[in-house]
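Engineer: Below are the structure tokens for one structure; questions will follow.
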Amino acid sequence: MKIERSLRGGITTLLMVPILCATVAAGIGMAAEAEESPIEGLTRAEVLELGERMYRDGILPSGEPMRAFVQRDIEVDGTMFSCQSCHVRSGMGSTEGTVITQPTCGSWLYKPLQGAEMKAESQARVPARLDPPPFRPAYTDESLARAIRRGKDPNDRVLNYVMPRYLVGGTDMDILVYYLKNLSSKWSPGVDDTTIRFATVIGPDVNEIDREAMLGALEAHISDHNSQTRHEERRAAGGPFYKEEKYAPYRRYALSVWELEGGSETWLQQLEAHYRKEPVFALLGGITAGEWAPVHGFCERMQVPNLFPVTDYPVISDSDWYTLYFSKGYHQEGEAAARFLRRTDAITGDAAVVQVYRGTRRSRALATGFAETRRKMGLPAARNLELADEVKTDRAFWKGLVGENPGAVLALWLGGDDIASIGELSTIEPRPPMVIASSIVFGDAALSVPEKLRDITFFTKPDSFPEDEVRSRLATESWLKAKKLPITNFEIQAKMYFLGWTLATMVKMMRDDFYRDYFLDIADMMRDQYYSIAVYPRLSFGPGQRYASKGCYIVQLTGGEDPKLEKRSNWVVH
């Protein structure tokens, strides 16, 4: 089939951009070179790339938006109602209110939809008279094209009018149908009939206590699952036919430990070597003392999910898909500070702001989060003052800072060593209207802020207050005790406790649809979590969201000789 001229050269223009064949192949679950292209003049990988763009973004091969009608007569732009927005990235479907969105992937479309799916040996044990009639026969390329254009299934039933009727035809429709036919059509790597293989990544810069805190808790979860206390393998092999959907998907877990060596510039190659030797379905946790970007990049490149790595330096992205982080780390504290400053009645929107920080990675992450959030809110940029190592933050420094920036808010992304003389700010006129800093970076030194300065000093606090985590902490500690794991770094152990709990839920919800994108689609649809996480007040999930903790308290010190931190904002600062 030749490319029609009606595409107006869009194919040629788009294909000038390099196409990652391996990436497309991983997304649809098969090798891009294994089958002949259905479209003359395009490789199979190119067809799948174009189909992916139609499915995910609502963009035709010509580069123009797809057009469609919803509710019979409302014309919409396809970018407003892309296929992915309802059927999710994996094509496995979703539920929104009373609307059930059926799967649109090849593994479901191109087979009859029965009342119950059973293996052949189980089916033989059921009397033929009890066989349910098919809900619908298998789709064909032609009936699928009709469903997309006219909204009718193979039984001629009219689909819900919430589903757009797309004005797509000719070669464009051939491309989209071929993409859907191959979407989630074959299990992702790392899964076989008995086992799901996972790995965790440990950087060379991690101290032994933190390493064992992460790995010990993670391995305990794997051991728990494989303990077979409920004889799941036996049930999977010969359980009652009416529970086959529950038992047949059971798999053991295997966990590999990928130890990284040397500089971070070599980590990507090391990770690829580990993966070539033993492909895994997903990465669980993982820990480094600093850099995480190489691991993140590996996951994006190979389309391998990564659940909840332990890192203060996640990659900040609005579009990357494959790593689900606990939070944005220090960047998130900077964001919260900027939002709080905007909503503070005592500070006008155009007030001058000065960020003071050292050239450390965490200080720069705080400053970046603060600056980018102010830019997104349309506020004036803060003045940035990065201190050289030899600069001392003594009285002369504070006096010069206030003198050069009278009336400015001070965002001090400095460590505890830099605030020995911070009390001088209370004696220098004009006194700053507000000082804001990170309680994590200040550490215990935050409690030493002089009382005469506490009324204008605020701190970001990204974790729970001890009194708010009593129940969830008790659950984690009881589990650690039961597993004979001493409490060493409780924050890391609590995070891994939550990861294991979440993993069990996600794998159960997958049934035997072992597709990586579906694995993450399930994470997107999870309920907010309170009880099973001890170090955050709440973890929230949603479509495409890759940072589960979305909050950060703003706190202040109480008065007196034994001050405590008190909340001055809700968990989420709007």
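By convention in this document, the chains of the structure tokens carry letters A, B, ... by their order, each chain's residues are numbered from 1, and ligands are numbered from 1 in the order they are shown.
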Could you tell me, as a list in words, which residues of region 221-283 of chain A DSSP assigns to alpha helix (DSSP H) when given the backbone?
Structural biologist: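 After running DSSP on the backbone, region 221-283 of chain A has alpha helix (DSSP H) at His221, Ile222, Ser223, Asp224, His225, Asn226, Glu232, Glu233, Arg234, Arg235, Ala236, Ala237, Gly238, Glu244, Glu245, Lys246, Tyr247, Trp267, Leu268, Gln269, Gln270, Leu271, Glu272, Ala273, His274, Tyr275, Arg276 and Lys277 of chain A.
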Engineer: Can those selected residues be exported to a file as a compact mmCIF listing (two decimals), in the first residue's frame so that it contains N, CA and C atoms?
Structural biologist:
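Output saved as part.txt:
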# COMPACT_ATOMS: atom_id res chain seq x y z
N HIS A 221 10.41 -8.75 51.92
CA HIS A 221 9.17 -8.79 51.15
C HIS A 221 9.19 -9.91 50.12
N ILE A 222 10.32 -10.06 49.43
CA ILE A 222 10.43 -11.10 48.41
C ILE A 222 10.29 -12.48 49.06
N SER A 223 10.96 -12.65 50.21
CA SER A 223 10.89 -13.93 50.92
C SER A 223 9.47 -14.21 51.39
N ASP A 224 8.78 -13.18 51.88
CA ASP A 224 7.38 -13.35 52.31
C ASP A 224 6.52 -13.87 51.16
N HIS A 225 6.66 -13.25 50.02
CA HIS A 225 5.85 -13.65 48.88
C HIS A 225 6.13 -15.10 48.47
N ASN A 226 7.41 -15.46 48.50
CA ASN A 226 7.80 -16.80 48.02
C ASN A 226 7.65 -17.89 49.08
N GLU A 232 0.08 -21.21 46.89
CA GLU A 232 -0.44 -20.59 45.67
C GLU A 232 -0.03 -21.35 44.41
N GLU A 233 1.16 -21.91 44.38
CA GLU A 233 1.59 -22.65 43.19
C GLU A 233 0.69 -23.87 42.95
N ARG A 234 0.36 -24.56 44.02
CA ARG A 234 -0.53 -25.72 43.87
C ARG A 234 -1.90 -25.28 43.36
N ARG A 235 -2.39 -24.19 43.90
CA ARG A 235 -3.69 -23.70 43.46
C ARG A 235 -3.63 -23.22 42.01
N ALA A 236 -2.51 -22.61 41.62
CA ALA A 236 -2.37 -22.14 40.25
C ALA A 236 -2.40 -23.30 39.27
N ALA A 237 -1.84 -24.46 39.70
CA ALA A 237 -1.77 -25.63 38.82
C ALA A 237 -3.08 -26.39 38.76
N GLY A 238 -3.84 -26.42 39.85
CA GLY A 238 -5.04 -27.26 39.86
C GLY A 238 -6.15 -26.74 40.72
N GLU A 244 -9.89 -19.50 38.64
CA GLU A 244 -8.68 -19.55 37.83
C GLU A 244 -8.10 -18.17 37.57
N GLU A 245 -8.95 -17.17 37.38
CA GLU A 245 -8.45 -15.83 37.13
C GLU A 245 -7.62 -15.33 38.31
N LYS A 246 -7.95 -15.80 39.50
CA LYS A 246 -7.21 -15.40 40.70
C LYS A 246 -5.92 -16.19 40.86
N TYR A 247 -5.99 -17.52 40.64
CA TYR A 247 -4.84 -18.36 40.96
C TYR A 247 -3.84 -18.51 39.82
N TRP A 267 27.62 4.31 34.71
CA TRP A 267 26.54 3.50 35.27
C TRP A 267 25.57 3.00 34.19
N LEU A 268 25.28 3.83 33.21
CA LEU A 268 24.34 3.42 32.17
C LEU A 268 24.85 2.16 31.47
N GLN A 269 26.13 2.14 31.13
CA GLN A 269 26.69 0.96 30.47
C GLN A 269 26.65 -0.26 31.39
N GLN A 270 26.91 -0.05 32.68
CA GLN A 270 26.83 -1.17 33.62
C GLN A 270 25.41 -1.71 33.72
N LEU A 271 24.44 -0.81 33.78
CA LEU A 271 23.05 -1.24 33.89
C LEU A 271 22.62 -2.00 32.63
N GLU A 272 23.02 -1.53 31.49
CA GLU A 272 22.68 -2.23 30.25
C GLU A 272 23.31 -3.61 30.21
N ALA A 273 24.53 -3.73 30.74
CA ALA A 273 25.18 -5.04 30.78
C ALA A 273 24.44 -5.99 31.71
N HIS A 274 24.02 -5.50 32.87
CA HIS A 274 23.21 -6.32 33.78
C HIS A 274 21.93 -6.77 33.09
N TYR A 275 21.30 -5.85 32.37
CA TYR A 275 20.01 -6.16 31.75
C TYR A 275 20.17 -7.18 30.62
N ARG A 276 21.24 -7.04 29.83
CA ARG A 276 21.47 -8.02 28.76
C ARG A 276 21.66 -9.41 29.34
N LYS A 277 22.34 -9.48 30.47
CA LYS A 277 22.59 -10.77 31.11
C LYS A 277 21.30 -11.35 31.69
Engineer: Contacts of Phe397 (chain A) at 12 Å or less, counting only C-alpha atoms, minus same-chain residues fewer than 3 places along, as a VMD selection string?
Structural biologist: chain A and resid 356 387 391 to 394 400 to 404 418 to 419 421 to 422 424 to 425 428
Engineer: Could you write out the selected residues, including N, CA and C atoms, as an mmCIF file, in the first residue's frame?
Structural biologist:
data_model
loop_
_atom_site.group_PDB
_atom_site.id
_atom_site.type_symbol
_atom_site.label_atom_id
_atom_site.label_comp_id
_atom_site.auth_asym_id
_atom_site.auth_seq_id
_atom_site.Cartn_x
_atom_site.Cartn_y
_atom_site.Cartn_z
ATOM 1 N N VAL A 356 20.088 32.670 49.032
ATOM 2 C CA VAL A 356 21.490 32.552 49.425
ATOM 3 C C VAL A 356 21.795 31.064 49.592
ATOM 4 N N LEU A 387 27.409 31.369 47.470
ATOM 5 C CA LEU A 387 28.569 31.697 48.283
ATOM 6 C C LEU A 387 29.747 30.786 47.968
ATOM 7 N N VAL A 391 33.757 32.178 51.837
ATOM 8 C CA VAL A 391 32.910 33.226 52.408
ATOM 9 C C VAL A 391 32.381 32.780 53.769
ATOM 10 N N LYS A 392 32.561 33.635 54.782
ATOM 11 C CA LYS A 392 32.090 33.350 56.138
ATOM 12 C C LYS A 392 30.779 34.098 56.387
ATOM 13 N N THR A 393 29.805 33.397 56.943
ATOM 14 C CA THR A 393 28.524 34.036 57.235
ATOM 15 C C THR A 393 28.548 34.596 58.653
ATOM 16 N N ASP A 394 29.343 35.646 58.844
ATOM 17 C CA ASP A 394 29.450 36.307 60.145
ATOM 18 C C ASP A 394 28.581 37.558 60.148
ATOM 19 N N GLY A 400 25.997 43.182 55.430
ATOM 20 C CA GLY A 400 26.145 43.535 54.022
ATOM 21 C C GLY A 400 24.993 43.025 53.180
ATOM 22 N N LEU A 401 24.510 41.826 53.491
ATOM 23 C CA LEU A 401 23.400 41.241 52.737
ATOM 24 C C LEU A 401 22.144 42.084 52.886
ATOM 25 N N VAL A 402 21.815 42.470 54.126
ATOM 26 C CA VAL A 402 20.614 43.269 54.362
ATOM 27 C C VAL A 402 20.792 44.673 53.792
ATOM 28 N N GLY A 403 21.997 45.233 53.913
ATOM 29 C CA GLY A 403 22.238 46.573 53.387
ATOM 30 C C GLY A 403 22.086 46.655 51.882
ATOM 31 N N GLU A 404 22.513 45.618 51.187
ATOM 32 C CA GLU A 404 22.410 45.607 49.726
ATOM 33 C C GLU A 404 21.008 45.236 49.246
ATOM 34 N N ASP A 418 26.320 27.381 58.765
ATOM 35 C CA ASP A 418 26.243 28.760 58.286
ATOM 36 C C ASP A 418 25.356 29.657 59.143
ATOM 37 N N ILE A 419 24.729 29.127 60.184
ATOM 38 C CA ILE A 419 23.754 29.955 60.898
ATOM 39 C C ILE A 419 24.177 30.276 62.327
ATOM 40 N N SER A 421 25.682 32.699 63.437
ATOM 41 C CA SER A 421 25.466 34.115 63.752
ATOM 42 C C SER A 421 24.199 34.660 63.105
ATOM 43 N N ILE A 422 23.247 33.787 62.769
ATOM 44 C CA ILE A 422 22.043 34.245 62.082
ATOM 45 C C ILE A 422 21.213 35.177 62.952
ATOM 46 N N GLU A 424 22.075 37.716 64.258
ATOM 47 C CA GLU A 424 22.421 39.100 63.959
ATOM 48 C C GLU A 424 21.362 39.771 63.087
ATOM 49 N N LEU A 425 20.600 38.982 62.337
ATOM 50 C CA LEU A 425 19.574 39.565 61.471
ATOM 51 C C LEU A 425 18.525 40.329 62.270
ATOM 52 N N ILE A 428 19.806 44.035 62.827
ATOM 53 C CA ILE A 428 20.180 44.845 61.670
ATOM 54 C C ILE A 428 18.925 45.455 61.065
#
Engineer: For Thr558 (chain A), which residue out of A:Ser317, A:Thr457, A:Ser37, A:Thr104 is the nearest one, using only C-alpha atoms?
Structural biologist: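 For Thr558 (chain A), the nearest of the candidates is A:Thr457.
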Engineer: Please tabulate, as a Markdown table, the residues of region 233-292 of chain A that come within 9 Å of region 494-510 of chain A, each with its closest pair of atoms and the distance in Å to one decimal, counting only C-alpha atoms and ordering rows by chain, then residue number upward.
Structural biologist:
| residue | atom | partner | partner_atom | distance |
| --- | --- | --- | --- | --- |
| A:Lys246 | CA | A:Lys508 | CA | 8.3 |
| A:Pro249 | CA | A:Lys508 | CA | 8.3 |
| A:Tyr250 | CA | A:Lys508 | CA | 8.4 |
| A:Leu284 | CA | A:Leu499 | CA | 7.8 |
| A:Gly285 | CA | A:Met496 | CA | 7.1 |
Engineer: May I have the residues within 6 Å of region 430-444 of chain A as a list in words, using only C-alpha atoms and disregarding those fewer than 2 positions away in the same chain?
Structural biologist: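 Here the qualifying residues turn out to be Gly407, Ala408, Val409, Leu410, Ala411, Leu412, Trp413, Gly415, Gly416, Ile428, Ala446, Leu447, Ile456, Thr457, Phe458, Phe459, Thr460 and Lys461 of chain A.
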Engineer: Enter the distance from CA of Phe490 (chain A) to CA of Leu218 (chain A), in Å, rounded to one decimal.
Structural biologist: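 Value for the CA of Phe490 (chain A)-CA of Leu218 (chain A) distance: 13.4 Å.
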Engineer: Provide the CA of Ala475 (chain A) to CA of Tyr531 (chain A) distance in Å, to one decimal place.
Structural biologist: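 These two atoms are separated by 8.4 Å.
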Engineer: Mind checking DSSP for region 106-355 of chain A and telling me the strand (DSSP E or B) residues as a ChimeraX atom specification?
Structural biologist: /A:113,136,152,158,165-166,191,195-202,252-259,282-284,287,306-307,310,323-325,353-355
Engineer: Suppose we keep C-alpha atoms; can you now write the selection as a short mmCIF file (atom, residue, chain, number, x, y, z; two decimals), in the first residue's frame?
Structural biologist:
data_model
loop_
_atom_site.label_atom_id
_atom_site.label_comp_id
_atom_site.auth_asym_id
_atom_site.auth_seq_id
_atom_site.Cartn_x
_atom_site.Cartn_y
_atom_site.Cartn_z
CA LEU A 113 -14.54 -11.85 24.85
CA ARG A 136 -18.52 -10.49 21.47
CA LYS A 152 -20.08 -0.11 16.86
CA VAL A 158 -23.47 0.90 19.79
CA ARG A 165 -16.06 8.80 16.82
CA TYR A 166 -12.81 9.61 15.04
CA VAL A 191 8.21 -12.77 33.12
CA THR A 195 8.54 -16.21 37.85
CA ILE A 196 8.57 -12.42 37.76
CA ARG A 197 12.14 -11.13 37.82
CA PHE A 198 13.01 -7.88 39.54
CA ALA A 199 16.26 -6.11 40.34
CA THR A 200 17.42 -3.40 42.70
CA VAL A 201 20.30 -0.99 42.10
CA ILE A 202 22.88 -0.01 44.72
CA ARG A 252 7.30 -16.40 42.31
CA TYR A 253 9.50 -13.32 42.67
CA ALA A 254 13.21 -13.29 41.89
CA LEU A 255 15.33 -10.32 42.99
CA SER A 256 18.76 -9.54 41.56
CA VAL A 257 21.07 -6.97 43.15
CA TRP A 258 22.81 -4.80 40.58
CA GLU A 259 25.86 -3.29 42.27
CA ALA A 282 10.98 -3.84 36.87
CA LEU A 283 13.45 -2.28 39.30
CA LEU A 284 12.39 -2.14 42.94
CA ILE A 287 19.70 3.55 46.50
CA ASN A 306 11.33 1.62 38.71
CA LEU A 307 9.28 1.76 41.91
CA VAL A 310 15.71 6.01 47.70
CA THR A 323 10.29 5.92 37.41
CA LEU A 324 7.82 6.46 40.25
CA TYR A 325 9.49 8.49 43.02
CA VAL A 353 13.60 37.97 47.27
CA VAL A 354 17.20 36.87 47.65
CA GLN A 355 18.26 33.22 47.55
#
Engineer: Residues at most 12 Å from Gly560 (chain A), counting only C-alpha atoms, excluding those fewer than 3 positions away in the same chain, as a PyMOL selection string?
Structural biologist: chain A and resi 447-452+454+557+563-565
Engineer: Between A:Met92, A:Leu167, A:Val555, A:Ala365, which is the closest to Arg516 (chain A) once you count only C-alpha atoms?
Structural biologist: A:Met92
Engineer: Give me, as a PDB file with all heavy atoms, in the first residue's frame, all polymer residues having an atom no more than 7 Å from Asp517 (chain A), counting only C-alpha atoms and skipping those fewer than 4 positions away in the same chain.
Structural biologist:
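Dumped everything to result-v5.pdb:
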ATOM      1  N   ARG A  89      -2.237   4.084  28.852  1.00  0.00           N
ATOM      2  CA  ARG A  89      -1.067   3.892  27.997  1.00  0.00           C
ATOM      3  C   ARG A  89      -0.924   2.457  27.497  1.00  0.00           C
ATOM      4  O   ARG A  89      -0.569   2.215  26.352  1.00  0.00           O
ATOM      5  CB  ARG A  89       0.185   4.312  28.784  1.00  0.00           C
ATOM      6  CG  ARG A  89       1.469   4.317  27.973  1.00  0.00           C
ATOM      7  CD  ARG A  89       2.580   4.839  28.870  1.00  0.00           C
ATOM      8  NE  ARG A  89       3.888   4.786  28.268  1.00  0.00           N
ATOM      9  CZ  ARG A  89       4.628   5.851  27.978  1.00  0.00           C
ATOM     10  NH1 ARG A  89       4.144   7.058  28.184  1.00  0.00           N
ATOM     11  NH2 ARG A  89       5.841   5.722  27.491  1.00  0.00           N
ATOM     12  N   SER A  90      -1.203   1.506  28.359  1.00  0.00           N
ATOM     13  CA  SER A  90      -1.063   0.099  27.988  1.00  0.00           C
ATOM     14  C   SER A  90      -2.198  -0.397  27.120  1.00  0.00           C
ATOM     15  O   SER A  90      -2.119  -1.492  26.549  1.00  0.00           O
ATOM     16  CB  SER A  90      -1.005  -0.767  29.252  1.00  0.00           C
ATOM     17  OG  SER A  90      -2.222  -0.663  29.980  1.00  0.00           O
ATOM     18  N   ASP A 521       0.290   1.840  34.788  1.00  0.00           N
ATOM     19  CA  ASP A 521      -1.096   2.332  34.734  1.00  0.00           C
ATOM     20  C   ASP A 521      -1.831   2.005  36.029  1.00  0.00           C
ATOM     21  O   ASP A 521      -2.633   2.804  36.532  1.00  0.00           O
ATOM     22  CB  ASP A 521      -1.847   1.688  33.565  1.00  0.00           C
ATOM     23  CG  ASP A 521      -1.475   2.276  32.216  1.00  0.00           C
ATOM     24  OD1 ASP A 521      -1.039   3.445  32.176  1.00  0.00           O
ATOM     25  OD2 ASP A 521      -1.615   1.566  31.196  1.00  0.00           O
TER      26      ASP A 521
END
Engineer: If we count only C-alpha atoms and set the cut-off at 7 Å, which residues sit around Val206 (chain A), ignoring sequence neighbours fewer than 3 positions away in its own chain? Please answer as a ChimeraX atom specification.
Structural biologist: /A:203,210-211,288-289
Engineer: Any chance you could export the current selection's N, CA and C atoms as a PDB file, in the first residue's frame?
Structural biologist:
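again13.pdb, written as the output of this step:
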ATOM      1  N   GLY A 203      24.248   1.972  44.521  1.00  0.00           N
ATOM      2  CA  GLY A 203      25.391   2.759  44.091  1.00  0.00           C
ATOM      3  C   GLY A 203      26.627   2.477  44.924  1.00  0.00           C
ATOM      4  N   ASP A 210      22.811   2.128  55.441  1.00  0.00           N
ATOM      5  CA  ASP A 210      21.716   2.463  54.526  1.00  0.00           C
ATOM      6  C   ASP A 210      21.498   1.352  53.500  1.00  0.00           C
ATOM      7  N   ARG A 211      22.598   0.756  53.048  1.00  0.00           N
ATOM      8  CA  ARG A 211      22.485  -0.335  52.083  1.00  0.00           C
ATOM      9  C   ARG A 211      21.668  -1.483  52.664  1.00  0.00           C
ATOM     10  N   THR A 288      21.255   5.297  45.969  1.00  0.00           N
ATOM     11  CA  THR A 288      22.573   5.902  45.804  1.00  0.00           C
ATOM     12  C   THR A 288      22.635   7.089  46.756  1.00  0.00           C
ATOM     13  N   ALA A 289      23.840   7.503  47.076  1.00  0.00           N
ATOM     14  CA  ALA A 289      23.991   8.641  47.985  1.00  0.00           C
ATOM     15  C   ALA A 289      23.770   9.971  47.268  1.00  0.00           C
TER      16      ALA A 289
END
Engineer: Kindly indicate which residue among A:Asn160, A:Asp77, A:Val177, A:Pro154 lies nearest to Tyr55 (chain A), using only C-alpha atoms for the distances.
Structural biologist: A:Val177
